[in-house]
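This is coords_18.txt (compact mmCIF, C-alpha atoms and all ligand atoms).
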```txt
# COMPACT_ATOMS: atom_id res chain seq x y z
CA MET Z 1 59.07 60.39 103.73
CA CYS Z 2 62.53 60.00 102.30
CA ASP Z 3 63.47 61.38 98.93
CA LYS Z 4 66.17 59.12 97.47
CA THR Z 5 67.55 61.87 95.28
CA GLN Z 6 68.64 63.83 98.32
CA ARG Z 7 71.87 63.07 100.12
CA PRO Z 8 72.67 63.87 103.73
CA ILE Z 9 74.53 67.01 104.68
CA VAL Z 10 78.00 66.07 105.88
CA ALA Z 11 80.06 68.65 107.71
CA THR Z 12 83.69 68.64 106.67
CA ASP Z 13 86.78 70.76 107.08
CA GLU Z 14 87.79 70.44 103.46
CA PRO Z 15 88.94 73.86 102.20
CA GLY Z 16 86.41 73.99 99.39
CA PHE Z 17 83.42 73.20 101.56
CA PHE Z 18 81.09 76.10 102.06
CA GLY Z 19 77.93 74.44 103.23
CA ILE Z 20 76.55 73.89 99.73
CA ASP Z 21 74.37 70.83 99.45
CA ASN Z 22 71.18 69.54 97.92
CA TYR Z 23 68.84 71.18 100.37
CA GLY Z 24 69.75 74.83 100.30
CA PHE Z 25 70.76 77.49 97.80
CA PRO Z 26 72.96 76.63 94.81
CA ALA Z 27 76.49 78.00 94.60
CA ASN Z 28 76.50 81.31 92.75
CA LEU Z 29 79.49 81.45 90.44
CA ASP Z 30 78.03 82.94 87.28
CA ASP Z 31 77.18 86.54 88.15
CA PRO Z 32 78.64 89.33 86.00
CA LEU Z 33 81.48 91.42 87.41
CA ASP Z 34 80.73 94.42 89.61
CA PRO Z 35 81.34 97.91 88.21
CA PRO Z 36 85.16 98.22 88.34
CA GLU Z 37 85.05 101.62 90.10
CA TYR Z 38 83.62 99.85 93.16
CA TYR Z 39 87.07 98.51 94.01
CA PRO Z 40 89.09 101.42 95.44
CA PRO Z 41 92.81 102.05 94.83
CA TYR Z 42 93.76 101.54 98.52
CA LEU Z 43 93.15 97.80 98.05
CA ASP Z 44 96.35 97.67 96.00
CA THR Z 45 98.56 99.57 98.45
CA GLU Z 46 101.39 97.89 100.33
CA HIS Z 47 99.94 99.20 103.61
CA PHE Z 48 96.54 97.64 103.02
CA ARG Z 49 97.96 94.34 101.85
CA THR Z 50 100.13 94.17 104.97
CA TYR Z 51 97.71 95.42 107.64
CA ARG Z 52 94.24 95.03 106.07
CA TYR Z 53 93.00 98.44 107.09
CA HIS Z 54 92.87 101.85 105.50
CA VAL Z 55 92.51 105.23 107.23
CA GLU Z 56 91.59 108.46 105.47
CA GLU Z 57 90.82 111.98 106.70
CA LEU Z 58 87.44 113.03 105.37
CA ARG Z 59 87.61 116.61 106.65
CA ASP Z 60 89.06 118.67 109.54
CA GLY Z 61 90.08 115.87 111.89
CA PHE Z 62 87.23 113.47 111.03
CA TYR Z 63 88.78 110.17 109.93
CA TRP Z 64 87.23 107.12 108.27
CA VAL Z 65 88.72 103.66 108.95
CA THR Z 66 87.87 100.56 106.93
CA SER Z 67 88.86 96.91 106.71
CA ALA Z 68 87.26 96.93 103.24
CA GLY Z 69 84.36 95.09 104.80
CA TYR Z 70 83.57 97.11 107.91
CA ASP Z 71 83.84 100.85 108.50
CA ALA Z 72 84.21 102.94 111.64
CA ALA Z 73 85.39 106.49 112.33
CA PHE Z 74 87.14 108.77 114.79
CA VAL Z 75 87.45 112.50 115.36
CA VAL Z 76 90.58 114.17 116.68
CA THR Z 77 89.79 117.09 119.02
CA ALA Z 78 91.97 119.46 121.07
CA GLU Z 79 91.31 117.38 124.19
CA GLY Z 80 91.23 113.80 122.95
CA VAL Z 81 89.81 111.45 120.37
CA ILE Z 82 86.14 110.53 119.92
CA ALA Z 83 85.83 107.05 118.40
CA ILE Z 84 82.69 105.91 116.63
CA ASP Z 85 82.25 102.13 116.91
CA ALA Z 86 84.71 99.29 117.38
CA PRO Z 87 84.16 96.59 114.76
CA PRO Z 88 86.00 93.36 115.65
CA THR Z 89 87.08 93.05 112.01
CA ILE Z 90 89.09 96.28 112.46
CA GLY Z 91 89.85 95.57 116.14
CA GLU Z 92 93.17 96.95 117.39
CA ASN Z 93 93.77 98.48 113.98
CA MET Z 94 91.38 101.24 115.12
CA VAL Z 95 94.01 102.16 117.72
CA ALA Z 96 96.80 101.81 115.15
CA ALA Z 97 94.89 104.10 112.79
CA ILE Z 98 94.35 106.68 115.55
CA GLU Z 99 98.00 106.53 116.62
CA SER Z 100 99.09 107.06 113.03
CA VAL Z 101 97.61 110.58 113.06
CA THR Z 102 97.64 111.77 116.72
CA ASP Z 103 99.17 111.03 120.10
CA LYS Z 104 96.00 112.14 121.93
CA PRO Z 105 94.15 109.45 123.92
CA VAL Z 106 90.71 108.11 123.09
CA THR Z 107 88.44 109.76 125.65
CA HIS Z 108 85.00 109.05 124.17
CA LEU Z 109 83.35 106.23 122.25
CA ILE Z 110 79.97 106.37 120.55
CA TYR Z 111 78.06 103.14 119.98
CA SER Z 112 76.06 103.44 116.75
CA HIS Z 113 73.92 100.44 117.77
CA TRP Z 114 74.25 97.35 119.92
CA HIS Z 115 75.26 94.78 117.27
CA THR Z 116 78.48 92.98 118.10
CA ASP Z 117 79.85 93.18 114.56
CA HIS Z 118 80.13 96.98 114.97
CA ILE Z 119 81.07 97.44 118.65
CA GLY Z 120 82.43 94.06 119.79
CA ALA Z 121 86.05 95.28 119.99
CA THR Z 122 85.35 98.03 122.53
CA PRO Z 123 88.08 96.82 124.98
CA VAL Z 124 90.73 98.06 122.49
CA TYR Z 125 90.07 101.61 123.74
CA GLY Z 126 90.85 100.71 127.38
CA PRO Z 127 88.65 100.81 130.50
CA ASP Z 128 88.39 104.57 130.98
CA VAL Z 129 86.52 105.85 127.93
CA GLU Z 130 83.17 107.54 128.23
CA ILE Z 131 80.72 105.44 126.18
CA ILE Z 132 77.73 107.27 124.71
CA ALA Z 133 74.75 105.35 123.29
CA HIS Z 134 71.01 105.33 123.02
CA GLU Z 135 69.17 104.17 126.15
CA ILE Z 136 67.73 101.16 124.26
CA THR Z 137 71.28 100.08 123.39
CA LYS Z 138 72.09 100.05 127.11
CA GLU Z 139 68.91 98.13 127.89
CA LEU Z 140 69.74 95.48 125.27
CA LEU Z 141 73.31 95.12 126.54
CA GLU Z 142 72.01 94.72 130.10
CA ARG Z 143 69.65 91.97 128.98
CA PHE Z 144 72.23 90.25 126.79
CA PRO Z 145 75.60 91.01 128.41
CA ASP Z 146 78.92 90.72 126.60
CA PRO Z 147 82.31 91.55 128.12
CA ASN Z 148 83.42 92.90 124.74
CA ARG Z 149 80.49 95.35 124.71
CA PRO Z 150 80.65 97.14 128.07
CA LEU Z 151 77.59 99.14 129.11
CA PRO Z 152 77.34 102.74 127.95
CA THR Z 153 78.21 105.31 130.62
CA VAL Z 154 76.03 108.06 129.10
CA THR Z 155 72.67 107.47 127.40
CA PHE Z 156 70.04 109.64 125.75
CA ARG Z 157 66.50 109.30 124.48
CA ASP Z 158 65.93 111.79 121.60
CA THR Z 159 69.00 113.93 120.97
CA TYR Z 160 72.41 114.45 122.50
CA THR Z 161 75.09 117.01 121.71
CA LEU Z 162 78.62 115.83 122.36
CA THR Z 163 81.22 118.58 122.47
CA VAL Z 164 84.84 117.65 123.13
CA GLY Z 165 87.85 119.91 122.57
CA GLY Z 166 85.98 122.25 120.25
CA VAL Z 167 84.38 119.52 118.12
CA THR Z 168 80.62 119.00 118.16
CA LEU Z 169 78.73 115.86 117.18
CA GLU Z 170 74.92 115.88 117.08
CA LEU Z 171 73.41 112.51 117.99
CA ALA Z 172 69.77 111.78 117.25
CA TYR Z 173 67.38 108.88 117.65
CA LYS Z 174 64.43 108.76 115.27
CA GLY Z 175 62.98 105.42 116.37
CA GLU Z 176 64.08 101.91 115.51
CA ASN Z 177 65.13 101.11 111.94
CA HIS Z 178 67.90 98.58 111.25
CA CYS Z 179 67.47 97.66 114.93
CA PRO Z 180 66.16 99.37 118.05
CA GLY Z 181 68.59 102.01 119.35
CA ASN Z 182 70.38 102.72 116.03
CA ILE Z 183 71.34 106.42 116.00
CA PHE Z 184 72.23 109.20 113.57
CA ILE Z 185 75.63 110.83 114.26
CA HIS Z 186 76.16 114.14 112.50
CA ALA Z 187 79.33 116.23 112.43
CA PRO Z 188 77.94 119.53 111.12
CA ALA Z 189 81.26 121.40 110.82
CA GLN Z 190 82.90 118.52 108.91
CA ARG Z 191 79.66 117.74 107.05
CA VAL Z 192 79.93 114.01 107.84
CA LEU Z 193 76.89 111.83 108.60
CA THR Z 194 77.42 108.44 110.24
CA VAL Z 195 74.45 106.06 110.28
CA ILE Z 196 75.31 102.37 110.33
CA ASP Z 197 73.64 99.51 108.45
CA ILE Z 198 71.15 101.49 106.38
CA VAL Z 199 72.80 101.64 102.95
CA SER Z 200 76.29 100.70 101.76
CA PRO Z 201 77.48 103.29 99.22
CA GLY Z 202 78.34 102.04 95.75
CA SER Z 203 76.70 98.68 96.35
CA ALA Z 204 73.37 96.91 96.63
CA THR Z 205 73.92 96.64 100.42
CA PHE Z 206 74.04 93.35 102.30
CA MET Z 207 71.15 90.90 101.91
CA HIS Z 208 67.73 91.33 103.52
CA CYS Z 209 68.00 95.13 103.73
CA ASP Z 210 71.22 94.76 105.70
CA ALA Z 211 69.62 92.18 107.98
CA SER Z 212 67.33 94.86 109.32
CA GLN Z 213 64.52 94.28 111.78
CA ASN Z 214 61.89 96.90 111.04
CA ILE Z 215 61.75 97.23 107.28
CA TRP Z 216 59.27 100.11 107.11
CA ALA Z 217 61.24 102.09 109.67
CA TRP Z 218 64.40 101.21 107.75
CA TYR Z 219 62.78 102.64 104.58
CA GLU Z 220 61.71 105.70 106.57
CA SER Z 221 65.35 106.22 107.56
CA HIS Z 222 66.30 106.62 103.86
CA ALA Z 223 64.35 109.86 103.70
CA GLN Z 224 65.77 110.89 107.08
CA LEU Z 225 69.33 110.42 105.75
CA LEU Z 226 68.65 112.72 102.82
CA GLU Z 227 67.28 115.46 105.11
CA TYR Z 228 70.80 115.99 106.46
CA ASP Z 229 73.37 118.28 104.91
CA PHE Z 230 76.46 116.16 104.36
CA ASP Z 231 79.33 115.64 101.97
CA PHE Z 232 80.48 112.33 103.48
CA TYR Z 233 78.46 109.37 104.72
CA VAL Z 234 79.89 106.58 106.87
CA GLY Z 235 77.55 103.60 106.57
CA GLY Z 236 79.48 100.81 108.29
CA HIS Z 237 80.13 98.82 105.09
CA HIS Z 238 81.62 97.82 102.70
CA MET Z 239 84.77 99.37 101.28
CA HIS Z 240 83.59 102.93 100.65
CA TYR Z 241 82.39 105.99 102.45
CA GLY Z 242 79.66 107.69 100.46
CA THR Z 243 78.81 111.06 99.02
CA TYR Z 244 75.31 112.54 99.24
CA GLU Z 245 74.73 111.50 95.62
CA GLN Z 246 75.84 107.92 96.29
CA VAL Z 247 73.43 107.65 99.21
CA LYS Z 248 70.69 108.99 96.95
CA THR Z 249 71.51 106.30 94.40
CA CYS Z 250 71.11 103.55 97.02
CA VAL Z 251 67.81 105.10 98.11
CA GLU Z 252 66.61 105.03 94.49
CA TYR Z 253 67.59 101.36 94.16
CA PHE Z 254 65.60 100.40 97.25
CA ALA Z 255 62.65 102.52 96.06
CA ASP Z 256 62.63 100.37 92.91
CA ILE Z 257 62.59 97.21 95.02
CA HIS Z 258 59.65 98.65 96.95
CA GLU Z 259 57.87 99.52 93.69
CA GLY Z 260 58.43 96.01 92.27
CA ALA Z 261 57.40 94.29 95.49
CA MET Z 262 54.21 96.36 95.78
CA ALA Z 263 53.29 95.41 92.22
CA ALA Z 264 54.08 91.75 92.90
CA VAL Z 265 51.96 91.63 96.04
CA GLN Z 266 49.05 93.43 94.38
CA ARG Z 267 49.16 91.17 91.36
CA PHE Z 268 49.88 87.75 92.86
CA SER Z 269 49.01 87.79 96.54
CA ARG Z 270 45.40 86.67 96.10
CA SER Z 271 43.75 84.01 98.21
CA ASP Z 272 42.15 82.29 95.20
CA ARG Z 273 45.50 82.04 93.36
CA LEU Z 274 47.29 80.95 96.52
CA ASP Z 275 44.92 78.01 96.83
CA GLU Z 276 45.87 76.93 93.29
CA ILE Z 277 49.60 77.25 93.96
CA LEU Z 278 49.39 75.37 97.26
CA THR Z 279 47.51 72.45 95.76
CA ALA Z 280 49.58 72.35 92.53
CA THR Z 281 52.46 70.58 94.32
CA GLY Z 282 50.19 67.69 95.29
CA PRO Z 283 49.11 66.35 98.67
CA HIS Z 284 51.41 66.51 101.70
CA ARG Z 285 53.44 69.30 100.19
CA ALA Z 286 51.81 72.40 101.62
CA TRP Z 287 55.14 74.01 102.59
CA VAL Z 288 56.62 73.54 99.12
CA GLY Z 289 53.55 75.30 97.79
CA SER Z 290 54.02 78.18 100.21
CA GLU Z 291 57.66 78.53 99.13
CA ASN Z 292 56.56 78.67 95.51
CA ALA Z 293 53.90 81.26 96.30
CA ILE Z 294 56.33 83.61 98.05
CA ASN Z 295 59.14 83.06 95.55
CA SER Z 296 56.85 83.82 92.61
CA MET Z 297 56.40 87.31 94.07
CA VAL Z 298 60.10 87.61 94.84
CA ASN Z 299 61.01 86.63 91.28
CA TYR Z 300 58.58 89.16 89.84
CA THR Z 301 60.16 91.85 92.02
CA VAL Z 302 63.71 90.89 91.02
CA LYS Z 303 62.89 90.99 87.31
CA HIS Z 304 61.25 94.39 87.75
CA VAL Z 305 64.36 95.80 89.44
CA LEU Z 306 67.05 94.20 87.30
CA GLU Z 307 65.47 94.99 83.94
CA LYS Z 308 64.37 98.52 84.75
CA GLU Z 309 66.02 101.50 83.09
CA THR Z 310 67.14 103.59 86.08
CA SER Z 311 67.22 107.39 86.40
CA ASP Z 312 70.50 107.76 84.49
CA GLY Z 313 69.52 105.33 81.73
CA ARG Z 314 71.64 102.44 82.96
CA LEU Z 315 70.71 99.16 84.63
CA TRP Z 316 71.27 98.75 88.37
CA SER Z 317 73.94 96.10 87.68
CA ASP Z 318 75.95 98.78 85.86
CA ARG Z 319 75.63 101.25 88.74
CA LEU Z 320 75.96 99.25 91.97
CA ALA Z 321 78.08 96.30 93.05
CA GLY Z 322 76.36 93.10 94.17
CA VAL Z 323 73.01 93.84 92.56
CA ILE Z 324 72.50 90.45 90.92
CA SER Z 325 73.33 88.44 94.03
CA GLN Z 326 71.64 90.61 96.67
CA THR Z 327 68.42 91.83 95.03
CA LYS Z 328 66.51 88.56 95.50
CA TYR Z 329 67.12 88.67 99.27
CA HIS Z 330 65.99 92.29 99.52
CA ALA Z 331 62.96 91.40 97.39
CA TYR Z 332 61.99 88.57 99.73
CA THR Z 333 62.29 90.81 102.78
CA VAL Z 334 60.34 93.68 101.24
CA VAL Z 335 57.57 91.42 99.87
CA GLU Z 336 57.13 89.92 103.33
CA ALA Z 337 57.24 93.33 105.00
CA ILE Z 338 54.49 94.58 102.68
CA ARG Z 339 52.36 91.55 103.46
CA LEU Z 340 52.89 91.83 107.21
CA GLU Z 341 53.38 95.49 107.99
CA ARG Z 342 51.57 97.59 105.41
CA PRO Z 343 47.85 98.36 105.29
CA ARG Z 344 46.25 96.07 102.71
CA PRO Z 345 42.56 96.91 102.60
CA GLN Z 346 42.14 94.95 99.36
CA ALA Z 347 43.15 91.72 101.15
CA GLY Z 348 40.15 92.13 103.47
CA TYR Z 349 39.16 89.63 106.10
CA ARG Z 350 36.93 86.60 106.32
CA LEU Z 351 33.20 87.19 106.60
CA ARG Z 352 30.84 85.10 108.68
CA GLY Z 353 29.36 82.15 106.79
CA GLU Z 354 31.98 82.19 103.99
CA ASN Z 355 34.08 79.17 103.05
CA PRO Z 356 37.20 80.93 101.74
CA PRO Z 357 40.74 79.61 101.13
CA PRO Z 358 42.68 78.86 104.33
CA PHE Z 359 44.98 81.85 104.02
CA ILE Z 360 44.39 85.53 103.53
CA ALA Z 361 47.13 86.26 101.01
ZN ZN Z 401 73.81 96.05 112.69
```
Before anything else, please render the file you have as structure tokens.
Ligand SMILES: [Zn+2]
Amino acid sequence: MCDKTQRPIVATDEPGFFGIDNYGFPANLDDPLDPPEYYPPYLDTEHFRTYRYHVEELRDGFYWVTSAGYDAAFVVTAEGVIAIDAPPTIGENMVAAIESVTDKPVTHLIYSHWHTDHIGATPVYGPDVEIIAHEITKELLERFPDPNRPLPTVTFRDTYTLTVGGVTLELAYKGENHCPGNIFIHAPAQRVLTVIDIVSPGSATFMHCDASQNIWAWYESHAQLLEYDFDFYVGGHHMHYGTYEQVKTCVEYFADIHEGAMAAVQRFSRSDRLDEILTATGPHRAWVGSENAINSMVNYTVKHVLEKETSDGRLWSDRLAGVISQTKYHAYTVVEAIRLERPRPQAGYRLRGENPPPFIA
């Protein structure tokens, strides 16, 4: 069937074109401004405007490097430099940042996880670095090879202590979260915790729980983050490192999304109601009905989160950047994760001889 109100998608190179058309999401141009403190002073420096990266010593030789979109880190030791990640968006600027504070060579590289957006510039460190990663990261890179992500030379299963030139980093794997093989990297002396793609300090974090794969394990990792003693958190995004308190704030935000999504699923995900919603759009429109059913729960979750008075009395949109635009995507992901991954005894299962609705909602 052809709907005459729709027009075909036409790809174009026009500067203004950003893939917005009748079929997908509308352009979002009306959101309120982010909290102004989200935008750090380094954005206005001559150095950042010229080179698009910023490097800052967090403590005792542990440095944070950012492109104001992606973050990585390095540690200067008596015997060489340990790099953590190689995001292509920072690329050779990682080397420039290192050379701006030391003339020691990079001897070690830690892969936080296997995703190319965080380690796809590994060749910038040269062919001779020791590469440490979780064994699942190696397995994934063997299955899906990439010349810009060479295989790790050292792997571990549960924990690994890396000591180089008097500096110790404690690596730990607590099971999959954002993706399989994503590790915790703790510098106890410097009190810096690096865990990539869990939360992005100061902000709502990128859509769909940072495009994570196992949402319940990703939620579990929030509590695991807070078990560490740290003053600085390197999260991989967006233009900030975080303090312990800022990580706690992100954890509270996602707890509110969980709370809203649980309420939405309990209230609306009922087989009898689903039947009504699916048939309300008329015949031959079952998929439109299913979109409406899911989005009704998503919208309930979003309203719950955005209108809630948070622990300090303010709204989330006053505390974190990107809340209005990102919350609906998190809500969708968490609603679906509840429906698919959590025990739901109240949903039950079909009994012999019954003639129930076609879906268990
Ligand atoms: Zn990732």
Environment of ligand ZN 401 (chain Z) within 7 Å, counting only C-alpha atoms and all ligand atoms, reported as a ChimeraX atom specification: /Z:113,115,117-118,178-179,196-197
Take the residues from that selection and put them in a file with C-alpha atoms, as a PDB file, in the coordinates of the input.
```pdb
ATOM      1  CA  HIS Z 113      73.920 100.440 117.770  1.00  0.00           C
ATOM      2  CA  HIS Z 115      75.260  94.780 117.270  1.00  0.00           C
ATOM      3  CA  ASP Z 117      79.850  93.180 114.560  1.00  0.00           C
ATOM      4  CA  HIS Z 118      80.130  96.980 114.970  1.00  0.00           C
ATOM      5  CA  HIS Z 178      67.900  98.580 111.250  1.00  0.00           C
ATOM      6  CA  CYS Z 179      67.470  97.660 114.930  1.00  0.00           C
ATOM      7  CA  ILE Z 196      75.310 102.370 110.330  1.00  0.00           C
ATOM      8  CA  ASP Z 197      73.640  99.510 108.450  1.00  0.00           C
TER       9      ASP Z 197
END
```
Expected answer as a PyMOL selection string: all residues with atoms within 8 Å of (76.0, 97.7, 90.2), all atoms listed in the file: chain Z and resi 34-35+202-204+315-323
Once you count all atoms listed in the file, which residues end up no further than 6 Å from (83.8, 100.0, 99.7) in the file's frame, shown as an mmCIF file with C-alpha atoms, keeping the file's coordinate frame?
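Just written: result11.cif:
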```cif
data_model
loop_
_atom_site.group_PDB
_atom_site.id
_atom_site.type_symbol
_atom_site.label_atom_id
_atom_site.label_comp_id
_atom_site.auth_asym_id
_atom_site.auth_seq_id
_atom_site.Cartn_x
_atom_site.Cartn_y
_atom_site.Cartn_z
ATOM 1 C CA ALA Z 68 87.260 96.930 103.240
ATOM 2 C CA HIS Z 238 81.620 97.820 102.700
ATOM 3 C CA MET Z 239 84.770 99.370 101.280
ATOM 4 C CA HIS Z 240 83.590 102.930 100.650
#
```
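Counting from CA of Tyr329 (chain Z), the distance to CA of Lys174 (chain Z) is 25.8 Å.
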List as a CSV table (one decimal) with C-alpha atoms, in the frame of the given file the protein and nucleic acid residues near Tyr160 (chain Z), meaning an atom at most 8 Å away when all atoms listed in the file are counted, but skip any in the same chain fewer than 5 places from it.
```
chain,number,residue,atom,x,y,z
Z,170,GLU,CA,74.9,115.9,117.1
Z,171,LEU,CA,73.4,112.5,118.0
Z,172,ALA,CA,69.8,111.8,117.2
```
Distance in Å - CA of Ser212 (chain Z) versus CA of Asn177 (chain Z): 7.1 Å
Between CA of Thr327 (chain Z) and CA of His304 (chain Z), distance in Å (one decimal): 10.5 Å
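Ranking Z:Thr163, Z:Ser67, Z:Thr107, Z:Ser112 by their shortest atom-to-atom distance to Tyr42 (chain Z), with all atoms listed in the file included, puts Z:Ser67 first.
Near region 332-337 of chain Z, within 6 Å and counting only C-alpha atoms, sit His208, Ala261, Val298 and Glu341 of chain Z; same-chain residues fewer than 4 positions away were not included.
Each of Z:Trp216, Z:Val302, Z:Asn148, Z:Ala189 was compared to Gln326 (chain Z) using all atoms listed in the file, and Z:Val302 turns out to be the nearest.
Each of Z:Ile119, Z:Ile198, Z:Ala97, Z:Val76 was compared to Arg59 (chain Z) using all atoms listed in the file, and Z:Val76 turns out to be the nearest.
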Among listed residues Z:Ile98, Z:Val251, Z:Val154, Z:Ile90, nearest Tyr111 (chain Z) (using all atoms listed in the file): Z:Val154
Given only C-alpha atoms as the counted atoms, nearest of Z:Gln266, Z:Thr89, Z:Gly175, Z:Val95 to Thr159 (chain Z): Z:Gly175
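The shortest atom-to-atom distance to Tyr244 (chain Z), with all atoms listed in the file taken into account, belongs to Z:Pro201 out of Z:Gly260, Z:Pro201, Z:Pro36, Z:Pro41.
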Spatial neighbours of Val164 (chain Z), 10 Å, only C-alpha atoms, chain gap at least 5 places, as a list in words: Val75, Val76, Thr77, Ala78, Glu79, Gly80, Val81, Ile82, Thr107, His108 and Leu169 of chain Z
